[in-house]
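Q: Sharing input-v1.cif, mmCIF, C-alpha atoms and all ligand atoms:
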```cif
data_my_file
loop_
_atom_site.group_PDB
_atom_site.id
_atom_site.type_symbol
_atom_site.label_atom_id
_atom_site.label_comp_id
_atom_site.auth_asym_id
_atom_site.auth_seq_id
_atom_site.Cartn_x
_atom_site.Cartn_y
_atom_site.Cartn_z
ATOM 1 C CA MET X 8 111.495 36.919 225.288
ATOM 2 C CA ARG X 9 110.167 37.655 221.845
ATOM 3 C CA THR X 10 108.823 41.008 223.044
ATOM 4 C CA LEU X 11 112.142 41.962 224.610
ATOM 5 C CA HIS X 12 113.972 41.023 221.441
ATOM 6 C CA SER X 13 111.647 43.201 219.393
ATOM 7 C CA LEU X 14 112.252 46.113 221.742
ATOM 8 C CA VAL X 15 116.012 45.746 221.518
ATOM 9 C CA ALA X 16 115.858 45.497 217.736
ATOM 10 C CA ALA X 17 113.699 48.615 217.575
ATOM 11 C CA ALA X 18 116.078 50.508 219.865
ATOM 12 C CA VAL X 19 119.093 49.515 217.771
ATOM 13 C CA ALA X 20 117.340 50.503 214.563
ATOM 14 C CA GLY X 21 116.382 53.825 216.126
ATOM 15 C CA THR X 22 119.956 54.544 217.151
ATOM 16 C CA ALA X 23 121.223 53.762 213.671
ATOM 17 C CA LEU X 24 118.675 56.135 212.165
ATOM 18 C CA LEU X 25 119.637 58.888 214.590
ATOM 19 C CA SER X 26 123.325 58.471 213.790
ATOM 20 C CA ALA X 27 122.666 58.602 210.067
ATOM 21 C CA GLY X 28 120.478 61.665 210.502
ATOM 22 C CA THR X 29 123.158 63.803 212.142
ATOM 23 C CA GLY X 30 125.355 63.713 209.066
ATOM 24 C CA VAL X 31 128.294 62.673 211.231
ATOM 25 C CA SER X 32 129.570 59.405 209.875
ATOM 26 C CA THR X 33 132.002 58.507 212.643
ATOM 27 C CA ALA X 34 129.536 56.491 214.721
ATOM 28 C CA TRP X 35 128.105 54.425 211.935
ATOM 29 C CA GLN X 36 129.514 53.568 208.562
ATOM 30 C CA ASP X 37 128.235 51.350 205.814
ATOM 31 C CA PRO X 38 130.845 48.599 205.320
ATOM 32 C CA ALA X 39 130.476 49.052 201.548
ATOM 33 C CA THR X 40 131.732 52.632 201.755
ATOM 34 C CA VAL X 41 134.453 52.303 204.376
ATOM 35 C CA SER X 42 137.185 53.225 201.916
ATOM 36 C CA ALA X 43 135.273 56.131 200.386
ATOM 37 C CA PRO X 44 136.023 59.670 201.549
ATOM 38 C CA PRO X 45 133.399 61.241 203.817
ATOM 39 C CA ALA X 46 130.624 62.882 201.861
ATOM 40 C CA ILE X 47 130.253 66.635 201.885
ATOM 41 C CA GLU X 48 126.585 67.406 201.445
ATOM 42 C CA VAL X 49 125.745 70.415 199.306
ATOM 43 C CA VAL X 50 122.335 71.874 198.541
ATOM 44 C CA ALA X 51 121.792 73.980 195.420
ATOM 45 C CA ARG X 52 118.897 76.405 195.371
ATOM 46 C CA LYS X 53 118.008 79.689 193.708
ATOM 47 C CA TYR X 54 120.588 81.236 193.749
ATOM 48 C CA ALA X 55 123.224 79.812 196.018
ATOM 49 C CA PHE X 56 125.092 76.735 197.100
ATOM 50 C CA GLU X 57 124.940 75.687 200.741
ATOM 51 C CA PRO X 58 127.442 75.678 202.216
ATOM 52 C CA ALA X 59 128.705 78.576 200.124
ATOM 53 C CA ARG X 60 132.262 77.725 201.062
ATOM 54 C CA ILE X 61 133.756 74.252 201.122
ATOM 55 C CA GLU X 62 137.192 73.728 202.568
ATOM 56 C CA VAL X 63 139.345 70.659 201.946
ATOM 57 C CA THR X 64 143.046 69.859 202.150
ATOM 58 C CA GLU X 65 145.331 69.535 199.170
ATOM 59 C CA GLY X 66 145.604 65.923 198.083
ATOM 60 C CA ASP X 67 142.239 64.971 199.581
ATOM 61 C CA ARG X 68 139.904 62.729 197.690
ATOM 62 C CA VAL X 69 136.738 64.817 197.781
ATOM 63 C CA ARG X 70 133.225 63.421 197.581
ATOM 64 C CA LEU X 71 130.387 65.869 197.141
ATOM 65 C CA VAL X 72 126.787 64.746 197.410
ATOM 66 C CA VAL X 73 124.814 67.528 195.796
ATOM 67 C CA ARG X 74 121.084 67.935 195.433
ATOM 68 C CA SER X 75 118.788 70.643 194.192
ATOM 69 C CA ALA X 76 116.198 72.056 196.552
ATOM 70 C CA ASP X 77 114.121 73.511 193.743
ATOM 71 C CA SER X 78 114.618 73.563 189.992
ATOM 72 C CA VAL X 79 117.356 72.267 187.727
ATOM 73 C CA HIS X 80 120.845 73.551 188.472
ATOM 74 C CA GLY X 81 124.341 72.543 187.544
ATOM 75 C CA ILE X 82 127.558 72.372 189.501
ATOM 76 C CA GLN X 83 130.864 73.150 187.879
ATOM 77 C CA ILE X 84 134.375 73.406 189.273
ATOM 78 C CA LYS X 85 136.497 73.947 186.194
ATOM 79 C CA ARG X 86 139.927 73.266 187.638
ATOM 80 C CA PHE X 87 138.897 69.769 188.731
ATOM 81 C CA GLY X 88 136.870 68.876 185.668
ATOM 82 C CA VAL X 89 133.584 68.846 187.567
ATOM 83 C CA ASN X 90 130.394 69.621 185.661
ATOM 84 C CA LYS X 91 127.175 67.864 186.605
ATOM 85 C CA LEU X 92 123.508 68.490 186.125
ATOM 86 C CA LEU X 93 121.433 68.638 189.295
ATOM 87 C CA PRO X 94 117.930 67.482 188.445
ATOM 88 C CA ARG X 95 114.727 68.920 189.798
ATOM 89 C CA GLY X 96 113.273 66.800 192.548
ATOM 90 C CA GLY X 97 116.294 66.513 194.804
ATOM 91 C CA ALA X 98 117.898 63.295 193.614
ATOM 92 C CA PRO X 99 121.456 63.340 194.999
ATOM 93 C CA VAL X 100 124.341 63.551 192.555
ATOM 94 C CA THR X 101 127.679 62.229 193.772
ATOM 95 C CA ILE X 102 130.858 63.834 192.488
ATOM 96 C CA GLU X 103 134.360 62.642 193.269
ATOM 97 C CA PHE X 104 137.645 64.301 192.466
ATOM 98 C CA THR X 105 141.095 64.733 193.927
ATOM 99 C CA ALA X 106 141.930 68.209 195.177
ATOM 100 C CA ASN X 107 145.416 68.032 193.721
ATOM 101 C CA ARG X 108 146.040 71.750 193.691
ATOM 102 C CA ALA X 109 145.881 74.303 196.489
ATOM 103 C CA GLY X 110 144.014 77.534 195.959
ATOM 104 C CA THR X 111 140.584 79.110 195.848
ATOM 105 C CA PHE X 112 138.269 77.941 193.098
ATOM 106 C CA GLU X 113 134.843 79.083 192.007
ATOM 107 C CA ILE X 114 131.914 76.723 192.161
ATOM 108 C CA LEU X 115 129.537 77.735 189.393
ATOM 109 C CA CYS X 116 126.006 76.873 188.441
ATOM 110 C CA SER X 117 126.341 75.500 184.923
ATOM 111 C CA GLU X 118 122.685 75.267 184.014
ATOM 112 C CA TYR X 119 120.485 78.293 183.402
ATOM 113 C CA CYS X 120 118.056 78.491 186.314
ATOM 114 C CA GLY X 121 116.602 81.985 186.271
ATOM 115 C CA ASN X 122 117.444 85.637 186.794
ATOM 116 C CA GLY X 123 120.027 84.921 189.464
ATOM 117 C CA HIS X 124 121.834 82.204 187.544
ATOM 118 C CA GLU X 125 124.949 84.295 186.848
ATOM 119 C CA SER X 126 125.360 85.104 190.526
ATOM 120 C CA MET X 127 124.861 81.544 191.757
ATOM 121 C CA LYS X 128 128.341 80.754 192.959
ATOM 122 C CA GLY X 129 130.198 79.041 195.735
ATOM 123 C CA THR X 130 133.805 78.720 196.734
ATOM 124 C CA LEU X 131 136.061 75.707 197.068
ATOM 125 C CA VAL X 132 139.124 76.364 199.193
ATOM 126 C CA VAL X 133 141.891 73.804 198.892
ATOM 127 C CA VAL X 134 144.285 74.392 201.766
ATOM 128 C CA ALA X 135 147.907 73.595 201.000
ATOM 129 C CA LYS X 136 149.051 70.442 202.697
ATOM 130 C CA PRO X 137 151.417 71.171 205.565
ATOM 131 C CA SER X 138 154.853 69.980 204.573
ATOM 132 C CA ILE X 139 158.427 70.585 205.664
ATOM 133 C CA HIS X 140 159.086 71.533 202.053
ATOM 134 C CA SER X 141 156.693 74.455 202.283
ATOM 135 C CA PHE X 142 158.864 76.280 204.804
ATOM 136 C CA PRO X 143 161.970 78.105 203.627
ATOM 137 C CA ALA X 144 165.259 76.689 204.864
ATOM 138 C CA PRO X 145 166.652 78.678 207.788
ATOM 139 C CA GLU X 146 169.135 81.277 206.625
ATOM 140 C CA ARG X 147 172.675 81.198 208.005
HETATM 141 CU CU1 LIG V 1 121.437 77.585 189.411
HETATM 142 CU CU2 LIG V 1 121.974 78.340 187.256
#
```
Translate this file's structure into structure tokens.
A:
Amino acid sequence: MRTLHSLVAAAVAGTALLSAGTGVSTAWQDPATVSAPPAIEVVARKYAFEPARIEVTEGDRVRLVVRSADSVHGIQIKRFGVNKLLPRGGAPVTIEFTANRAGTFEILCSEYCGNGHESMKGTLVVVAKPSIHSFPAPER
């Protein structure tokens, strides 16, 4: 039975790894992070952010997990007080903020990283939360 047990354990471990690898956190979630918002993974590289456009809903707690794919970069979203250094070597940097205002906001690289630094930008779109108050009252 020991062999069978080992096989089952290996299969379970394999499934967990596969689930974690897809980036979809619905199937498996670390109990320690159950209350945390889902992470949005962002890669910074010369000279762009991937994805270039991040869309969230007004009022959302937003968690970005950002890493550099090459040299040092920075990530700045002025309206939400975000400004973090992204070290060389790819160590992930976690940023949390509340998207408490709808609109379109620039994501900037805040650390000089080469000739394309000034053009290294992304976009954060905060979609207004649907609400009965956002529709005009019917006219009579
Ligand atoms: Cu990337 Cu400056």
Q: Go through X:Pro94, X:Val100, X:Pro58, X:Thr105 one by one, measure the shortest atom-to-atom distance of each to Ser78 (chain X) using all atoms listed in the file, and give the residue with the smallest value.
A: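 Ranked by minimum distance to Ser78 (chain X), first place goes to X:Pro94.
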Q: Report as a PyMOL selection string the full result of the PyMOL selection byres (((not hetatm)) within 9 of (chain V and resi 1)) when it is applied to this structure.
A: chain X and resi 51-56+75+78-82+93+115-128
Q: Grab the CA of Thr130 (chain X) to CA of Glu57 (chain X) distance for me, in Å with one decimal place.
A: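 Pair CA of Thr130 (chain X) / CA of Glu57 (chain X) returns 10.2 Å.
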Q: Step by step, work through what the PyMOL selection byres (((chain X and resi 89) around 10) and not hetatm) selects in the shown file, and finish by giving those residues as a list in words.
A: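 The output of the PyMOL selection byres (((chain X and resi 89) around 10) and not hetatm) on this file is Gly81, Ile82, Gln83, Ile84, Lys85, Arg86, Phe87, Gly88, Asn90, Lys91, Ile102, Glu103, Phe104, Ile114 and Leu115 of chain X.
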Q: Of the candidates X:Val49, X:Ile61, X:Ala43, X:Ala106, which shows the shortest atom-to-atom distance to Val132 (chain X), using all atoms listed in the file?
A: X:Ile61
Q: Would you please work out which residue, of X:Val133, X:Ala59, X:Leu92, X:Ala109, is nearest to Arg74 (chain X) when using all atoms listed in the file?
A: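 For Arg74 (chain X), the nearest of the candidates is X:Leu92.
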Q: Have a look at CA of Gly110 (chain X) and CA of Val72 (chain X) and let me know their distance in Å, one decimal.
A: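 Computing the Euclidean distance for CA of Gly110 (chain X) and CA of Val72 (chain X) yields 21.5 Å.
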Q: Rounded to one decimal place, report the CA of Glu48 (chain X)-CA of Val73 (chain X) distance in Å.
A: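 Straight-line distance from CA of Glu48 (chain X) to CA of Val73 (chain X) works out to 5.9 Å.
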Q: Hey, which of X:Ala98, X:Pro137, X:Asn107, X:Val50 ends up closest to Arg68 (chain X)? Count only C-alpha atoms.
A: X:Asn107
